[in-house]
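Report on one structure; see the data block that follows.
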Amino acid sequence: MPLKKLITAISVIASLLFASPAFAYSVKSGDTMFGIARSQNLSLQELVRLNPQIQNLDLIYVGQTVNTGTQEVNAIGQAVHTSSKADITVGFSENELDLLARLVRAEAESEPYQGKVAVACVVLNRVASSSFPNSIKEVIYQKGQFDPVRNGEINQLADEDSIRAVQEAINEKRNVAAGSLFFYNPATATNRWLDSRATTLVIGHHVFKK
């Protein structure tokens with residue numbers, strides 16, 4: 001084979017091997033968003049982020065297209081899942097993100113959406129701070145920190161807004177509550193020690209503090 005044709009053939013093969021086409025899944029009878037996420041090696045939170053058009057996770061229909069991200073093929077023809085640029089959830093397990101979403105629902109269910117994001121950011125700020133434990137679970141379950149842990153509200157399922165708020169807090173809205181390590185409702189708080197700390201922002205009924 002002439003050298004020029006050989007080079008062209010190699011180029012074509014390489015382009016096929018390393019192409020990264022967008023992948024979409026067509027919903028089948030009996031499918032659920034959780035089941036689709038698991039079959040595509042995604043967390044439910046990842047799948048939710050990839051499909052903002054699906055407002056109710058319990059209402060998907062046969063034939064509906066669900067975006068499952070992108071895949072690329074390696075040098076030996078194996079499919080490899082690759083996350084989008086915005087997906088930076090590495091280091092947080094699906095269970096931790098679910099726990100955080102449940103805390104957000106319990107603490108901020110009646111608050112504005114931005115307030116839900118800010119509550120999630122406070123937990124993430126604590127994880128990053130040397131003054132608090134190093135994981136979402138340890139931060140949330142640290143003794144005496146969050147009322148929903150004490151009263152059992154943490155065990156209730158998260159709603160869609162809370163799940164989405166957590167995803168945005170980890171990604172594009174990470175700085176919504178920059179510097180905030182605490183939040184409280186001054187109208188209902190029985191302990192006033194946070195009054196003396198510097199206020200970072202106020203959203204709805206919650207005052208956020210350093």
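Ligands are numbered from 1 in the order shown, residues from 1 within each chain, and chains are lettered A, B, ... in the order they appear in the structure tokens.
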
Within 12 Å of stretch 168-185 of chain A: each stretch 25-58 of chain A residue with its shortest pair, only C-alpha atoms, as a Markdown table:
```
| residue | atom | partner | partner_atom | distance |
| --- | --- | --- | --- | --- |
| A:Gln45 | CA | A:Glu168 | CA | 10.2 |
| A:Glu46 | CA | A:Glu168 | CA | 10.9 |
| A:Val48 | CA | A:Glu168 | CA | 11.0 |
| A:Arg49 | CA | A:Glu168 | CA | 8.5 |
| A:Leu50 | CA | A:Glu168 | CA | 11.8 |
| A:Pro52 | CA | A:Glu168 | CA | 11.6 |
```

What would the file look like if the residues just selected were written as a short mmCIF file (atom, residue, chain, number, x, y, z; two decimals), in the first residue's frame with N, CA, C and O atoms?
```
data_model
loop_
_atom_site.label_atom_id
_atom_site.label_comp_id
_atom_site.auth_asym_id
_atom_site.auth_seq_id
_atom_site.Cartn_x
_atom_site.Cartn_y
_atom_site.Cartn_z
N GLN A 45 -27.44 12.03 40.73
CA GLN A 45 -27.20 13.47 40.66
C GLN A 45 -26.58 13.87 39.33
O GLN A 45 -26.92 14.92 38.76
N GLU A 46 -25.66 13.06 38.81
CA GLU A 46 -25.05 13.35 37.51
C GLU A 46 -26.11 13.34 36.42
O GLU A 46 -26.14 14.21 35.54
N VAL A 48 -29.34 13.78 36.72
CA VAL A 48 -30.23 14.93 36.89
C VAL A 48 -29.61 16.19 36.29
O VAL A 48 -30.26 16.96 35.59
N ARG A 49 -28.31 16.38 36.56
CA ARG A 49 -27.62 17.57 36.03
C ARG A 49 -27.58 17.57 34.51
O ARG A 49 -27.69 18.62 33.87
N LEU A 50 -27.43 16.38 33.93
CA LEU A 50 -27.36 16.27 32.47
C LEU A 50 -28.71 16.45 31.80
O LEU A 50 -28.78 16.63 30.59
N PRO A 52 -31.68 18.76 32.66
CA PRO A 52 -32.47 19.78 33.35
C PRO A 52 -33.90 19.89 32.81
O PRO A 52 -34.77 20.46 33.46
#
```

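For stretch 23-205 of chain A, backbone-based DSSP labels the following residues as strand (DSSP E): Phe23, Ala24, Tyr25, Ser26, Thr65, Val66, Asn67, Thr68, Gly69, Thr70, Gln71, Glu72, Val73, Ala79, Val80, His81, Thr82, Phe182, Phe183, Tyr184, Thr199, Thr200, Leu201, Val202 and Ile203 of chain A.
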
Limited to N, CA and C atoms, could you put the picked residues into a file as a PDB file, in the first residue's frame?
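Printed below is result06.pdb as written:
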```pdb
ATOM      1  N   PHE A  23     -23.982  10.778  23.902  1.00  0.00           N
ATOM      2  CA  PHE A  23     -24.787   9.586  24.053  1.00  0.00           C
ATOM      3  C   PHE A  23     -26.158   9.954  24.596  1.00  0.00           C
ATOM      4  N   ALA A  24     -27.166   9.305  24.068  1.00  0.00           N
ATOM      5  CA  ALA A  24     -28.526   9.511  24.532  1.00  0.00           C
ATOM      6  C   ALA A  24     -29.171   8.148  24.729  1.00  0.00           C
ATOM      7  N   TYR A  25     -30.017   8.043  25.749  1.00  0.00           N
ATOM      8  CA  TYR A  25     -30.694   6.791  26.074  1.00  0.00           C
ATOM      9  C   TYR A  25     -32.177   6.979  25.812  1.00  0.00           C
ATOM     10  N   SER A  26     -32.782   6.004  25.148  1.00  0.00           N
ATOM     11  CA  SER A  26     -34.217   6.049  24.876  1.00  0.00           C
ATOM     12  C   SER A  26     -34.953   5.252  25.951  1.00  0.00           C
ATOM     13  N   THR A  65     -36.013  10.756  25.333  1.00  0.00           N
ATOM     14  CA  THR A  65     -34.554  10.744  25.240  1.00  0.00           C
ATOM     15  C   THR A  65     -33.952  11.300  26.529  1.00  0.00           C
ATOM     16  N   VAL A  66     -33.045  10.530  27.108  1.00  0.00           N
ATOM     17  CA  VAL A  66     -32.343  10.942  28.323  1.00  0.00           C
ATOM     18  C   VAL A  66     -30.865  11.071  27.988  1.00  0.00           C
ATOM     19  N   ASN A  67     -30.311  12.237  28.224  1.00  0.00           N
ATOM     20  CA  ASN A  67     -28.891  12.467  27.957  1.00  0.00           C
ATOM     21  C   ASN A  67     -28.048  11.761  29.015  1.00  0.00           C
ATOM     22  N   THR A  68     -27.104  10.937  28.579  1.00  0.00           N
ATOM     23  CA  THR A  68     -26.254  10.205  29.526  1.00  0.00           C
ATOM     24  C   THR A  68     -24.806  10.657  29.449  1.00  0.00           C
ATOM     25  N   GLY A  69     -24.542  11.820  28.878  1.00  0.00           N
ATOM     26  CA  GLY A  69     -23.189  12.353  28.832  1.00  0.00           C
ATOM     27  C   GLY A  69     -22.469  11.978  27.562  1.00  0.00           C
ATOM     28  N   THR A  70     -21.176  11.742  27.643  1.00  0.00           N
ATOM     29  CA  THR A  70     -20.388  11.379  26.481  1.00  0.00           C
ATOM     30  C   THR A  70     -19.597  10.124  26.753  1.00  0.00           C
ATOM     31  N   GLN A  71     -19.214   9.445  25.694  1.00  0.00           N
ATOM     32  CA  GLN A  71     -18.327   8.312  25.790  1.00  0.00           C
ATOM     33  C   GLN A  71     -17.243   8.452  24.742  1.00  0.00           C
ATOM     34  N   GLU A  72     -16.094   7.904  25.038  1.00  0.00           N
ATOM     35  CA  GLU A  72     -15.062   7.832  24.034  1.00  0.00           C
ATOM     36  C   GLU A  72     -14.554   6.401  23.985  1.00  0.00           C
ATOM     37  N   VAL A  73     -13.890   6.041  22.933  1.00  0.00           N
ATOM     38  CA  VAL A  73     -13.396   4.687  22.753  1.00  0.00           C
ATOM     39  C   VAL A  73     -11.883   4.712  22.853  1.00  0.00           C
ATOM     40  N   ALA A  79     -15.337   1.088  25.368  1.00  0.00           N
ATOM     41  CA  ALA A  79     -16.003   2.349  25.666  1.00  0.00           C
ATOM     42  C   ALA A  79     -15.566   2.842  27.035  1.00  0.00           C
ATOM     43  N   VAL A  80     -15.275   4.132  27.113  1.00  0.00           N
ATOM     44  CA  VAL A  80     -14.829   4.739  28.362  1.00  0.00           C
ATOM     45  C   VAL A  80     -15.723   5.919  28.652  1.00  0.00           C
ATOM     46  N   HIS A  81     -16.347   5.941  29.836  1.00  0.00           N
ATOM     47  CA  HIS A  81     -17.202   7.080  30.197  1.00  0.00           C
ATOM     48  C   HIS A  81     -16.342   8.279  30.558  1.00  0.00           C
ATOM     49  N   THR A  82     -16.698   9.432  30.021  1.00  0.00           N
ATOM     50  CA  THR A  82     -16.000  10.663  30.375  1.00  0.00           C
ATOM     51  C   THR A  82     -17.015  11.670  30.861  1.00  0.00           C
ATOM     52  N   PHE A 182     -21.748  29.035  58.854  1.00  0.00           N
ATOM     53  CA  PHE A 182     -22.922  28.856  59.702  1.00  0.00           C
ATOM     54  C   PHE A 182     -24.133  29.528  59.038  1.00  0.00           C
ATOM     55  N   PHE A 183     -25.316  29.102  59.436  1.00  0.00           N
ATOM     56  CA  PHE A 183     -26.551  29.795  59.048  1.00  0.00           C
ATOM     57  C   PHE A 183     -27.577  29.538  60.149  1.00  0.00           C
ATOM     58  N   TYR A 184     -28.504  30.479  60.298  1.00  0.00           N
ATOM     59  CA  TYR A 184     -29.566  30.294  61.282  1.00  0.00           C
ATOM     60  C   TYR A 184     -30.714  31.242  60.996  1.00  0.00           C
ATOM     61  N   THR A 199     -21.742  38.694  59.413  1.00  0.00           N
ATOM     62  CA  THR A 199     -22.744  38.221  58.451  1.00  0.00           C
ATOM     63  C   THR A 199     -22.177  38.250  57.038  1.00  0.00           C
ATOM     64  N   THR A 200     -22.384  37.179  56.299  1.00  0.00           N
ATOM     65  CA  THR A 200     -21.908  37.108  54.915  1.00  0.00           C
ATOM     66  C   THR A 200     -23.020  37.411  53.921  1.00  0.00           C
ATOM     67  N   LEU A 201     -24.221  36.921  54.201  1.00  0.00           N
ATOM     68  CA  LEU A 201     -25.374  37.217  53.349  1.00  0.00           C
ATOM     69  C   LEU A 201     -26.646  36.809  54.064  1.00  0.00           C
ATOM     70  N   VAL A 202     -27.765  37.309  53.562  1.00  0.00           N
ATOM     71  CA  VAL A 202     -29.077  36.960  54.083  1.00  0.00           C
ATOM     72  C   VAL A 202     -29.941  36.521  52.914  1.00  0.00           C
ATOM     73  N   ILE A 203     -30.525  35.321  53.033  1.00  0.00           N
ATOM     74  CA  ILE A 203     -31.430  34.818  51.990  1.00  0.00           C
ATOM     75  C   ILE A 203     -32.680  34.281  52.687  1.00  0.00           C
TER      76      ILE A 203
END
```

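Taking only C-alpha atoms, the non-local environment of A:Ala165 within 9 Å (same-chain residues fewer than 6 positions away omitted) comprises Ala101, Val104, Tyr113, Gln114, Gly115, Lys116, Val117, Ala118, Val119, Ala120 and Lys173 of chain A.
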
Write the residues you've just listed into a file as a tab-separated table (two decimals), in the first residue's frame, and include N, CA, C and O atoms for each of them.
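selection-v7.tsv, written as the output of this step:
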```
chain	number	residue	atom	x	y	z
A	101	ALA	N	-28.37	16.48	50.23
A	101	ALA	CA	-29.66	16.92	49.68
A	101	ALA	C	-30.77	16.77	50.71
A	101	ALA	O	-31.68	17.61	50.80
A	104	VAL	N	-30.44	19.67	53.09
A	104	VAL	CA	-30.92	20.89	52.46
A	104	VAL	C	-32.45	20.94	52.50
A	104	VAL	O	-33.05	21.97	52.82
A	113	TYR	N	-34.94	29.18	46.46
A	113	TYR	CA	-34.02	28.20	45.88
A	113	TYR	C	-32.56	28.58	46.14
A	113	TYR	O	-31.73	27.72	46.47
A	114	GLN	N	-32.23	29.85	46.00
A	114	GLN	CA	-30.86	30.30	46.24
A	114	GLN	C	-30.44	30.00	47.68
A	114	GLN	O	-29.26	29.72	47.95
A	115	GLY	N	-31.38	30.04	48.59
A	115	GLY	CA	-31.09	29.71	49.98
A	115	GLY	C	-30.77	28.24	50.16
A	115	GLY	O	-29.95	27.88	51.03
A	116	LYS	N	-31.39	27.38	49.36
A	116	LYS	CA	-31.07	25.95	49.42
A	116	LYS	C	-29.63	25.72	48.95
A	116	LYS	O	-28.88	24.94	49.55
A	117	VAL	N	-29.26	26.40	47.87
A	117	VAL	CA	-27.89	26.28	47.37
A	117	VAL	C	-26.91	26.75	48.43
A	117	VAL	O	-25.87	26.13	48.68
A	118	ALA	N	-27.23	27.84	49.09
A	118	ALA	CA	-26.34	28.42	50.10
A	118	ALA	C	-26.16	27.47	51.28
A	118	ALA	O	-25.06	27.35	51.83
A	119	VAL	N	-27.22	26.79	51.70
A	119	VAL	CA	-27.12	25.82	52.79
A	119	VAL	C	-26.17	24.69	52.40
A	119	VAL	O	-25.31	24.27	53.20
A	120	ALA	N	-26.28	24.20	51.18
A	120	ALA	CA	-25.37	23.16	50.71
A	120	ALA	C	-23.93	23.68	50.70
A	120	ALA	O	-23.00	22.96	51.07
A	173	LYS	N	-22.34	27.06	41.18
A	173	LYS	CA	-22.71	28.04	42.20
A	173	LYS	C	-21.95	27.82	43.50
A	173	LYS	O	-22.43	28.14	44.59
```

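In terms of minimum interatomic distance to A:Arg38, A:Glu94 ranks closest within A:Glu107, A:Glu153, A:Glu94, A:Asp161, counting only C-alpha atoms.
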
| task | Determine which residues of stretch 13-179 of chain A DSSP labels as alpha helix (DSSP H) from the backbone of this structure, then write them out as a ChimeraX atom specification. | result | /A:13-18,33-39,44-50,94-108,113-128,136-140,147-151,160-170

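Of note, atom CA of A:Lys28 and atom CA of A:Val62 are spaced 5.0 Å apart.
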
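Pairwise distance (atom CA of A:Asp159, atom CA of A:Arg126) equals 23.0 Å.
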
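In terms of minimum interatomic distance to A:Ala108, A:Ser162 ranks closest within A:Ser130, A:Ser162, A:Ser93, A:Gln55, counting only C-alpha atoms.
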
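Taking atom CA of A:Glu96 and atom CA of A:Ile140 as endpoints, the distance between them is 9.7 Å.
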
| message | Could you list, as a ChimeraX atom specification, every residue within 12 Å of A:Ala128, counting only C-alpha atoms and ignoring same-chain residues fewer than 3 positions away? | response | /A:91,121-125,131-136,139,178-181
